[in-house]
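With mmCIF, C-alpha atoms inside, this is final_18.cif:
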```cif
data_protein
#
loop_
_atom_site.group_PDB
_atom_site.id
_atom_site.type_symbol
_atom_site.label_atom_id
_atom_site.label_comp_id
_atom_site.auth_asym_id
_atom_site.auth_seq_id
_atom_site.Cartn_x
_atom_site.Cartn_y
_atom_site.Cartn_z
ATOM 1 C CA MET N 651 7.474 15.165 -17.198
ATOM 2 C CA VAL N 652 9.671 15.114 -14.130
ATOM 3 C CA SER N 653 12.956 13.282 -14.428
ATOM 4 C CA LEU N 654 14.823 12.686 -11.190
ATOM 5 C CA CYS N 655 17.533 10.242 -10.273
ATOM 6 C CA ALA N 656 16.803 7.681 -7.578
ATOM 7 C CA ARG N 657 18.869 9.618 -5.015
ATOM 8 C CA GLN N 658 16.882 12.812 -5.635
ATOM 9 C CA ILE N 659 13.630 10.872 -5.286
ATOM 10 C CA GLU N 660 14.720 9.380 -1.969
ATOM 11 C CA ASP N 661 15.940 12.763 -0.708
ATOM 12 C CA ARG N 662 12.591 14.343 -1.617
ATOM 13 C CA ALA N 663 10.666 11.516 0.052
ATOM 14 C CA ARG N 664 12.762 11.728 3.216
ATOM 15 C CA PHE N 665 12.209 15.499 3.296
ATOM 16 C CA LEU N 666 8.456 14.953 3.081
ATOM 17 C CA ILE N 667 8.630 12.480 5.937
ATOM 18 C CA SER N 668 10.719 14.760 8.141
ATOM 19 C CA SER N 669 8.444 17.730 7.479
ATOM 20 C CA GLN N 670 5.303 15.860 8.492
ATOM 21 C CA SER N 671 3.744 17.340 11.603
ATOM 22 C CA ARG N 672 3.946 15.375 14.844
ATOM 23 C CA ARG N 673 0.182 15.342 15.208
ATOM 24 C CA GLU N 674 -0.143 13.244 12.013
ATOM 25 C CA GLN N 675 2.281 10.591 13.163
ATOM 26 C CA ARG N 676 0.673 7.582 14.735
ATOM 27 C CA GLN N 677 2.345 5.906 17.627
ATOM 28 C CA PRO N 678 2.159 2.135 17.789
ATOM 29 C CA GLY N 679 -0.311 0.983 20.387
ATOM 30 C CA ALA N 680 -0.663 -2.242 22.228
ATOM 31 C CA PRO N 681 0.370 -5.248 20.169
ATOM 32 C CA CYS N 682 -2.419 -7.224 18.569
ATOM 33 C CA MET N 683 -2.602 -10.719 17.125
ATOM 34 C CA ILE N 684 -2.606 -10.393 13.346
ATOM 35 C CA HIS N 685 -3.757 -13.193 11.054
ATOM 36 C CA ILE N 686 -2.940 -12.845 7.341
ATOM 37 C CA ARG N 687 -4.750 -15.095 4.873
ATOM 38 C CA PRO N 688 -6.042 -15.159 1.302
ATOM 39 C CA ALA N 689 -9.329 -13.300 0.950
ATOM 40 C CA THR N 690 -12.519 -15.158 0.129
ATOM 41 C CA GLU N 691 -15.609 -13.690 -1.484
ATOM 42 C CA ALA N 692 -17.195 -13.653 1.972
ATOM 43 C CA ASP N 693 -14.573 -11.030 2.968
ATOM 44 C CA PHE N 694 -15.273 -8.652 0.091
ATOM 45 C CA THR N 695 -17.851 -6.425 1.812
ATOM 46 C CA ALA N 696 -15.638 -5.936 4.867
ATOM 47 C CA LEU N 697 -12.601 -5.438 2.632
ATOM 48 C CA LEU N 698 -14.360 -2.630 0.750
ATOM 49 C CA HIS N 699 -15.360 -0.937 4.019
ATOM 50 C CA VAL N 700 -11.747 -0.992 5.204
ATOM 51 C CA GLN N 701 -10.524 0.298 1.851
ATOM 52 C CA GLN N 702 -13.103 3.113 1.850
ATOM 53 C CA ALA N 703 -12.124 4.185 5.367
ATOM 54 C CA ALA N 704 -8.390 3.959 4.698
ATOM 55 C CA PHE N 705 -8.428 5.916 1.441
ATOM 56 C CA GLY N 706 -11.196 8.206 2.681
ATOM 57 C CA GLU N 707 -8.653 9.714 5.085
ATOM 58 C CA TYR N 708 -6.970 11.318 2.061
ATOM 59 C CA ALA N 709 -10.109 12.853 0.532
ATOM 60 C CA ASN N 710 -8.966 16.362 1.519
ATOM 61 C CA VAL N 711 -5.513 15.795 0.000
ATOM 62 C CA TYR N 712 -6.316 13.895 -3.206
ATOM 63 C CA ALA N 713 -9.267 12.797 -5.302
ATOM 64 C CA VAL N 714 -9.426 9.169 -4.204
ATOM 65 C CA SER N 715 -12.926 8.336 -5.394
ATOM 66 C CA GLY N 716 -11.775 5.373 -7.469
ATOM 67 C CA TRP N 717 -10.650 3.633 -4.296
ATOM 68 C CA THR N 718 -13.504 4.748 -2.073
ATOM 69 C CA THR N 719 -16.324 3.882 -4.467
ATOM 70 C CA GLU N 720 -15.211 0.485 -5.766
ATOM 71 C CA THR N 721 -18.115 -1.945 -6.109
ATOM 72 C CA LEU N 722 -18.409 -5.595 -5.169
ATOM 73 C CA ASP N 723 -18.629 -6.465 -8.856
ATOM 74 C CA SER N 724 -15.373 -4.687 -9.708
ATOM 75 C CA LEU N 725 -13.678 -6.304 -6.698
ATOM 76 C CA ARG N 726 -14.883 -9.734 -7.842
ATOM 77 C CA GLU N 727 -13.447 -9.037 -11.298
ATOM 78 C CA ASP N 728 -10.135 -7.919 -9.789
ATOM 79 C CA ALA N 729 -10.012 -11.070 -7.633
ATOM 80 C CA ARG N 730 -10.125 -13.221 -10.779
ATOM 81 C CA GLU N 731 -6.841 -11.705 -11.959
ATOM 82 C CA LYS N 732 -5.007 -10.870 -8.721
ATOM 83 C CA HIS N 733 -4.210 -12.314 -5.329
ATOM 84 C CA ILE N 734 -5.843 -10.611 -2.363
ATOM 85 C CA PHE N 735 -4.778 -10.978 1.250
ATOM 86 C CA VAL N 736 -6.716 -9.810 4.276
ATOM 87 C CA ALA N 737 -5.429 -9.045 7.747
ATOM 88 C CA GLU N 738 -7.642 -10.027 10.639
ATOM 89 C CA VAL N 739 -7.558 -8.995 14.263
ATOM 90 C CA GLU N 740 -9.826 -10.989 16.564
ATOM 91 C CA GLY N 741 -11.611 -12.447 13.514
ATOM 92 C CA VAL N 742 -12.415 -9.045 11.993
ATOM 93 C CA VAL N 743 -11.004 -7.939 8.618
ATOM 94 C CA VAL N 744 -8.991 -4.767 9.302
ATOM 95 C CA GLY N 745 -6.644 -4.685 6.308
ATOM 96 C CA SER N 746 -6.097 -5.919 2.780
ATOM 97 C CA VAL N 747 -3.726 -5.798 -0.155
ATOM 98 C CA ARG N 748 -3.762 -6.957 -3.785
ATOM 99 C CA PHE N 749 -0.849 -8.240 -5.812
ATOM 100 C CA TRP N 750 0.120 -10.088 -8.953
ATOM 101 C CA THR N 751 3.343 -11.019 -10.703
ATOM 102 C CA VAL N 752 4.230 -10.168 -14.300
ATOM 103 C CA ALA N 753 7.569 -11.264 -15.791
ATOM 104 C CA GLY N 754 9.093 -11.648 -12.338
ATOM 105 C CA VAL N 755 7.851 -8.319 -10.959
ATOM 106 C CA CYS N 756 5.317 -8.500 -8.129
ATOM 107 C CA ILE N 757 3.039 -5.477 -8.313
ATOM 108 C CA ILE N 758 1.492 -4.482 -4.988
ATOM 109 C CA ARG N 759 -1.664 -2.343 -4.956
ATOM 110 C CA LEU N 760 -4.354 -1.027 -2.693
ATOM 111 C CA LEU N 761 -2.685 -1.680 0.647
ATOM 112 C CA SER N 762 -5.429 -0.663 3.071
ATOM 113 C CA VAL N 763 -5.558 -0.738 6.856
ATOM 114 C CA SER N 764 -8.491 0.449 8.915
ATOM 115 C CA PRO N 765 -7.623 3.864 10.401
ATOM 116 C CA THR N 766 -8.329 2.542 13.905
ATOM 117 C CA HIS N 767 -5.765 -0.240 13.394
ATOM 118 C CA GLN N 768 -2.984 1.726 11.724
ATOM 119 C CA GLY N 769 0.327 1.871 13.529
ATOM 120 C CA HIS N 770 0.109 -1.723 14.770
ATOM 121 C CA GLY N 771 2.172 -3.423 12.056
ATOM 122 C CA LEU N 772 -0.657 -4.673 9.843
ATOM 123 C CA GLY N 773 0.597 -2.965 6.688
ATOM 124 C CA LYS N 774 4.084 -4.364 7.263
ATOM 125 C CA ALA N 775 2.663 -7.825 7.941
ATOM 126 C CA LEU N 776 0.675 -7.766 4.694
ATOM 127 C CA ILE N 777 3.704 -6.691 2.635
ATOM 128 C CA ARG N 778 5.954 -9.262 4.308
ATOM 129 C CA GLU N 779 3.429 -12.001 3.570
ATOM 130 C CA ILE N 780 3.479 -11.058 -0.118
ATOM 131 C CA GLU N 781 7.279 -11.164 -0.094
ATOM 132 C CA GLN N 782 7.117 -14.691 1.355
ATOM 133 C CA VAL N 783 4.539 -16.153 -1.022
ATOM 134 C CA ALA N 784 5.440 -14.454 -4.315
ATOM 135 C CA THR N 785 8.331 -16.838 -4.894
ATOM 136 C CA ASP N 786 8.255 -16.232 -8.652
ATOM 137 C CA ALA N 787 9.134 -12.544 -8.156
ATOM 138 C CA HIS N 788 12.645 -11.135 -8.287
ATOM 139 C CA LYS N 789 11.343 -7.586 -7.710
ATOM 140 C CA PHE N 790 8.515 -6.082 -5.650
ATOM 141 C CA TYR N 791 6.976 -2.828 -6.863
ATOM 142 C CA ALA N 792 4.491 -0.535 -5.124
ATOM 143 C CA CYS N 793 3.335 3.055 -5.507
ATOM 144 C CA THR N 794 1.755 5.370 -2.963
ATOM 145 C CA MET N 795 0.537 8.936 -2.939
ATOM 146 C CA LEU N 796 3.468 11.343 -2.793
ATOM 147 C CA ARG N 797 2.015 13.476 -0.010
ATOM 148 C CA THR N 798 1.447 10.595 2.421
ATOM 149 C CA ALA N 799 4.563 10.601 4.576
ATOM 150 C CA ARG N 800 3.576 7.638 6.747
ATOM 151 C CA ASN N 801 3.070 5.440 3.662
ATOM 152 C CA ILE N 802 6.453 6.495 2.302
ATOM 153 C CA TYR N 803 8.036 5.718 5.672
ATOM 154 C CA LEU N 804 6.369 2.286 5.659
ATOM 155 C CA PHE N 805 8.074 1.280 2.419
ATOM 156 C CA PHE N 806 11.455 2.690 3.484
ATOM 157 C CA SER N 807 11.177 0.781 6.775
ATOM 158 C CA LEU N 808 10.647 -2.457 4.821
ATOM 159 C CA GLY N 809 13.794 -1.931 2.748
ATOM 160 C CA TYR N 810 12.142 -0.543 -0.378
ATOM 161 C CA LYS N 811 13.959 2.121 -2.389
ATOM 162 C CA ALA N 812 12.285 5.021 -4.141
ATOM 163 C CA GLU N 813 12.418 4.328 -7.856
ATOM 164 C CA THR N 814 10.305 6.954 -9.597
ATOM 165 C CA ILE N 815 7.824 9.751 -9.189
ATOM 166 C CA LEU N 816 4.708 9.730 -11.361
ATOM 167 C CA PRO N 817 3.298 13.265 -11.436
ATOM 168 C CA ASP N 818 -0.318 13.854 -12.419
ATOM 169 C CA HIS N 819 -1.056 10.117 -12.643
ATOM 170 C CA TYR N 820 -4.358 8.332 -11.781
ATOM 171 C CA ASP N 821 -7.036 10.983 -11.223
ATOM 172 C CA HIS N 822 -4.251 13.604 -11.192
ATOM 173 C CA LEU N 823 -2.481 12.006 -8.222
ATOM 174 C CA ASP N 824 1.229 12.472 -7.686
ATOM 175 C CA LEU N 825 2.662 9.045 -6.884
ATOM 176 C CA ILE N 826 5.997 7.806 -5.623
ATOM 177 C CA CYS N 827 6.928 4.257 -6.583
ATOM 178 C CA PHE N 828 9.184 1.921 -4.656
ATOM 179 C CA ALA N 829 11.064 -1.234 -5.545
ATOM 180 C CA LYS N 830 12.700 -3.978 -3.555
ATOM 181 C CA TYR N 831 14.734 -6.765 -5.084
ATOM 182 C CA ARG N 832 14.582 -10.265 -3.724
ATOM 183 C CA SER N 833 17.602 -11.219 -1.705
ATOM 184 C CA ALA N 834 18.467 -14.271 0.347
ATOM 185 C CA GLY N 835 16.725 -12.638 3.339
ATOM 186 C CA CYS N 836 13.473 -11.781 1.558
#
```

Would you write out, as structure tokens, the structure that this file holds?
Amino acid sequence: MVSLCARQIEDRARFLISSQSRREQRQPGAPCMIHIRPATEADFTALLHVQQAAFGEYANVYAVSGWTTETLDSLREDAREKHIFVAEVEGVVVGSVRFWTVAGVCIIRLLSVSPTHQGHGLGKALIREIEQVATDAHKFYACTMLRTARNIYLFFSLGYKAETILPDHYDHLDLICFAKYRSAGC
């Protein structure tokens, strides 16, 4: 079990970001019109394709099979218990995220953006939409893979603070978890 204070976690995460090679960093391209809306069952096939492509990028870093092999049936089951948003560009689903609130904590999972649309603000738009609609939440909580510098940067850029590291978690993944507390500006 690793026990680190929040400052050590943030320092480690910032080190990982700064040590990321320039070739991995994506530069924002031309702006695109993003439409965020609740997912419908008609979106589920496209949503799974985006999720498979997004998490498939990490197949050489982590075992991500749980996220790349999800079935329509398991997604339907998840949709009964959670909220799901999709991001569309020109009417095509290019991103998604799931969330739910428990005792005032909004848990954010499976943020996925098509690799060809990353770096255009879709991930930020999806998270910001959750922050707007989850009015019953006083805290937002999300985890990402520890060795994914751009994901860590995304949460820092949205005002999230590193809260904990979960070593050897799901399928032996090392995760870093972030929290953001609701403020007047959220």

Applying the PyMOL selection byres ((chain N and resi 721-737) around 8) to the file I just gave you, which residues come out? Please list them as JSON, numbers by chain. {"N": [684, 685, 686, 687, 688, 689, 691, 694, 695, 697, 698, 719, 720, 738, 739, 743, 744, 745, 746, 747, 748, 749, 750, 772, 776]}

For atom CA of N:Asn801 and atom CA of N:His822, quote the distance in Å rounded to one decimal.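 Between atom CA of N:Asn801 and atom CA of N:His822 the gap is 18.5 Å.
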
Figure out the distance between atom CA of N:Arg797 and atom CA of N:His767, please, to one decimal in Å.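 According to the coordinates, atom CA of N:His767 and atom CA of N:Arg797 are separated by 20.7 Å.
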
State, in Å with one decimal place, the distance from atom CA of N:Ala792 to atom CA of N:Val763. 15.6 Å

I'd like the residues picked by the PyMOL selection byres ((chain N and resi 703) around 12) written out as a PyMOL selection string, using the chain letters and numbers from the file. chain N and resi 696-702+704-709+714-715+717-719+744-745+762-768

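For the choices N:Met795, N:Val752, N:Val742, N:Ile777, the atom-to-atom distance to N:Ser807 is smallest for N:Ile777 when using all atoms listed in the file.
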
May I have the protein, DNA and RNA residues with any atom at most 12 Å from the point (9.4, -17.9, -6.3), counting only C-alpha atoms, written as a VMD selection string? chain N and resid 751 753 to 756 780 to 790 832 to 834 836

Run through the PyMOL selection byres ((chain N and resi 811) around 10) on the given coordinates and return the selected residues as number ranges by chain. N: 656-657, 659-660, 791, 802, 805-810, 812-814, 827-831

What's around N:Leu823 at 7 Å? Count all atoms listed in the file, leave out sequence neighbours fewer than 4 positions away in its own chain, and write the answer as a list in words. Tyr712, Met795, Pro817, Asp818 and His819 of chain N

So which one's closest to N:Tyr803, N:Ala775, N:Ile826, N:Ala692, N:Ile758? Using only C-alpha atoms, please. N:Ile826
